Amino acid sequence: MPLVENSKRLFQLYIQPLAALSRLLDEGRLWIALLLAVATTFALHVPSMAVVTSPVAVAPDPESAPPPRSGIDRRAIPEEPLGPGILERSLERFTAYDAFSPFAPLIALALFVTPGIILWMSVVKGGGFTTVLTRDYLPLLLLLAMAWTAAFLPLTLFGLGTMAVHIPMPRQPILWWVSTAYFLALAGCAARVMYGVRLGEAAAASIMGGVAGIAGVMVRDLAGPLLYYAGSPLFLYFIYSLFQGDIRALGSGLSQRQNFRRQLELATINPRDSDAHYQLGLIYQQRRRVDEASASFHRAVEINDEEIDAQHQLGRIAIERGNPTEAIARFRKVAALDERHASGEVWRELGAALFTAGENGPALVALEKYTNRRPYDPEGLCWYGRVLAQQEKTTEAREAFERAIEAVDTMPSNRRREVSRWKSVAKDELAKLK
């Protein structure tokens with residue numbers, strides 16, 4: 001049953017977050033994720049609301065109670081301060097600390113956090129924001145809703161437990177801050193699963209999502225009564241009529257992604273279809289499920305020993321796992337089949353694997369061939385410079401590292417972000433040469 005499967009993935013988030021999020025992306029149901037998030041948020045505030053509505057808590061003191069008034073003197077109501085006050089209130093709402101705005105975090109999650117992460121990833125990875133939003137909004141919202149539930153479920157259970165034994169729940173903001181921090185960590189994991197980015201890029205996406213969420217809550221607070229007009233049924237219908245095509249497209253991203261995954265699995269039933277196993281392996285690889293990716297690539301190679309793309313990916317996985325011997329064998333097989341495969345990158349990766357294995361002579365030959373063909377690739381130049389430095393060819397090594405830095409600096413901005421770490425590597429290696 002979908003509810004049982006989603007619940008299993010919810011508890012798997014505490015042990016294997018990347019694997020759980022990847023499974024949710026393939027099999028999860030958005031309505032279940034939203035239902036769990038709403039139920040957790042509502043239950044989180046039950047202890048606080050029980051205290052507020054308690055007869056003891058609200059009983060007025062006869063001596064200190066003000067005399068009855070026939071009306072409200074608006075001049076006696078102090079104005080809420082702006083500046084730090086509005087920021088503090090927005091933080092309380094975003095972290096679910098404010099019991100009188102229980103669902104503000106979930107609204108911020110849907111309207112600001114999810115688009116904020118997508119906007120950041122569209123800048124980092126390239127692509128139009130509208131296109132990426134249409135494709136990724138519902139899948140990412142599904143993952144973030146489950147992440148929110150997993151982050152606040154322990155605090156919810158703690159509060160319900162204290163209420164059951166008639167102990168007041170500690171209203172310490174640090175508890176809500178810890179849960180929010182855990183949610184942002186899981187949001188970073190969701191970015192890694194969705195986009196296959198490195199840890200630093202995923203952390204930056206999570207932070208940008210949090211900033212967007214807090215800013216959205218603040219804008220909502222500042223807007224005040226204007227939101228009542230925005231919530232008018234006539235206004236909502238007008239917006240839907242104006243953008244109904246985009247709204248419908250927005251809802252197709254999750255179903256298309258899950259249907260594509262199912263079709264690939266069905267295609268792997270064919271014992272001769274090596275490409276289906278390769279494509280399935282790429283999906284697993286992007287989602288950081290390396291074991292499943294390796295199994296799919298191995299199956300593709302078993303079906304067709306000359307499946308060059310699968311051989312190449314198995315070599316990359318072997319490098320990541322610290323097995324340069326297997327990587328060398330894979331890359332040599334690829335080079336024998338097609339020495340220009342992947343724009344000749346097989347020679348760069350073969351040279352890096354040989355250098356890692358301590359075979360500097362063959363590594364130099366492979367990297368010379370690569371850098372002659374692609375003289376402005378900073379990664380290849382860095383590996384080439386390392387081999388030259390190892391052979392005490394200091395002048396040539398320094399030139400290679402300087403060319404790597406220049407190559408990064410002269411690239412387009414979107415490409416520069418992808419390879420910026422090789423500029424740092426080149427600078428570190430230059431410092432060692434000095």
# chains A, B, ... in the order shown; residues from 1 in each chain; ligands from 1

$ residues_around --residues "A:Val419" --least-positions-apart "3" --cutoff "8 Å" --atoms "only C-alpha atoms" --output "compact mmCIF listing (two decimals) with N, CA, C and O atoms, in the first residue's frame"
# COMPACT_ATOMS: atom_id res chain seq x y z
N PRO A 378 40.67 22.39 -17.49
CA PRO A 378 41.45 22.58 -16.26
C PRO A 378 41.70 21.28 -15.49
O PRO A 378 42.75 21.12 -14.87
N GLU A 379 40.73 20.35 -15.52
CA GLU A 379 40.94 19.09 -14.79
C GLU A 379 42.09 18.30 -15.41
O GLU A 379 42.97 17.79 -14.69
N VAL A 408 40.03 28.28 -16.33
CA VAL A 408 38.84 28.50 -15.51
C VAL A 408 38.40 29.95 -15.60
O VAL A 408 37.20 30.25 -15.74
N ARG A 415 29.74 27.54 -16.75
CA ARG A 415 30.77 26.49 -16.82
C ARG A 415 31.85 26.72 -15.77
O ARG A 415 32.41 25.77 -15.20
N ARG A 416 32.16 27.98 -15.48
CA ARG A 416 33.20 28.30 -14.49
C ARG A 416 32.83 27.78 -13.12
O ARG A 416 33.68 27.31 -12.37
N TRP A 422 38.91 23.13 -9.63
CA TRP A 422 40.22 22.82 -10.22
C TRP A 422 41.13 24.04 -10.23
O TRP A 422 42.36 23.89 -10.26
N LYS A 423 40.55 25.21 -10.17
CA LYS A 423 41.38 26.41 -9.99
C LYS A 423 42.02 26.39 -8.61
O LYS A 423 43.22 26.71 -8.46

$ closest_residue --among "A:Lys333, A:Arg288, A:Arg272, A:Arg316" --to "A:Glu302" --atoms "only C-alpha atoms"
A:Arg272

$ closest_residue --among "A:Gly322, A:Gly351, A:Pro47, A:Gly196" --to "A:Arg287" --atoms "only C-alpha atoms"
A:Gly196

$ closest_residue --among "A:Gln279, A:Asn360, A:Gln313, A:Thr41" --to "A:Ser294" --atoms "only C-alpha atoms"
A:Gln313

$ closest_residue --among "A:Pro362, A:Tyr14, A:Lys432, A:Arg348" --to "A:Ala151" --atoms "only C-alpha atoms"
A:Tyr14

$ residues_around --residues "A:Val113" --least-positions-apart "6" --cutoff "7 Å" --atoms "only C-alpha atoms" --output "CSV table (one decimal) with C-alpha atoms, in the first residue's frame"
chain,number,residue,atom,x,y,z
A,209,GLY,CA,15.8,27.6,0.4
A,210,GLY,CA,15.8,28.5,4.1
A,212,ALA,CA,13.7,32.1,0.8
A,213,GLY,CA,11.3,30.6,3.3

$ closest_residue --among "A:Ala108, A:Lys393, A:Ala147, A:Thr156" --to "A:Phe42" --atoms "only C-alpha atoms"
A:Thr156

$ atom_distance --atom1 "atom CA of A:Glu418" --atom2 "atom CA of A:Arg340"
22.5 Å

$ closest_residue --among "A:Ala300, A:Leu199, A:Leu109, A:Val46" --to "A:Pro168" --atoms "only C-alpha atoms"
A:Val46

$ residues_around --residues "stretch 27-37 of chain A" --least-positions-apart "2" --cutoff "10 Å" --atoms "only C-alpha atoms" --output "MDAnalysis selection string"
chainID A and resid 2:7 9:10 21:25 39:43 103 106 138:150 152:153 254:255 258:259 261:262

$ atom_distance --atom1 "atom CA of A:Arg403" --atom2 "atom CA of A:Ile328"
26.4 Å

$ atom_distance --atom1 "atom CA of A:Ser90" --atom2 "atom CA of A:Met163"
26.9 Å
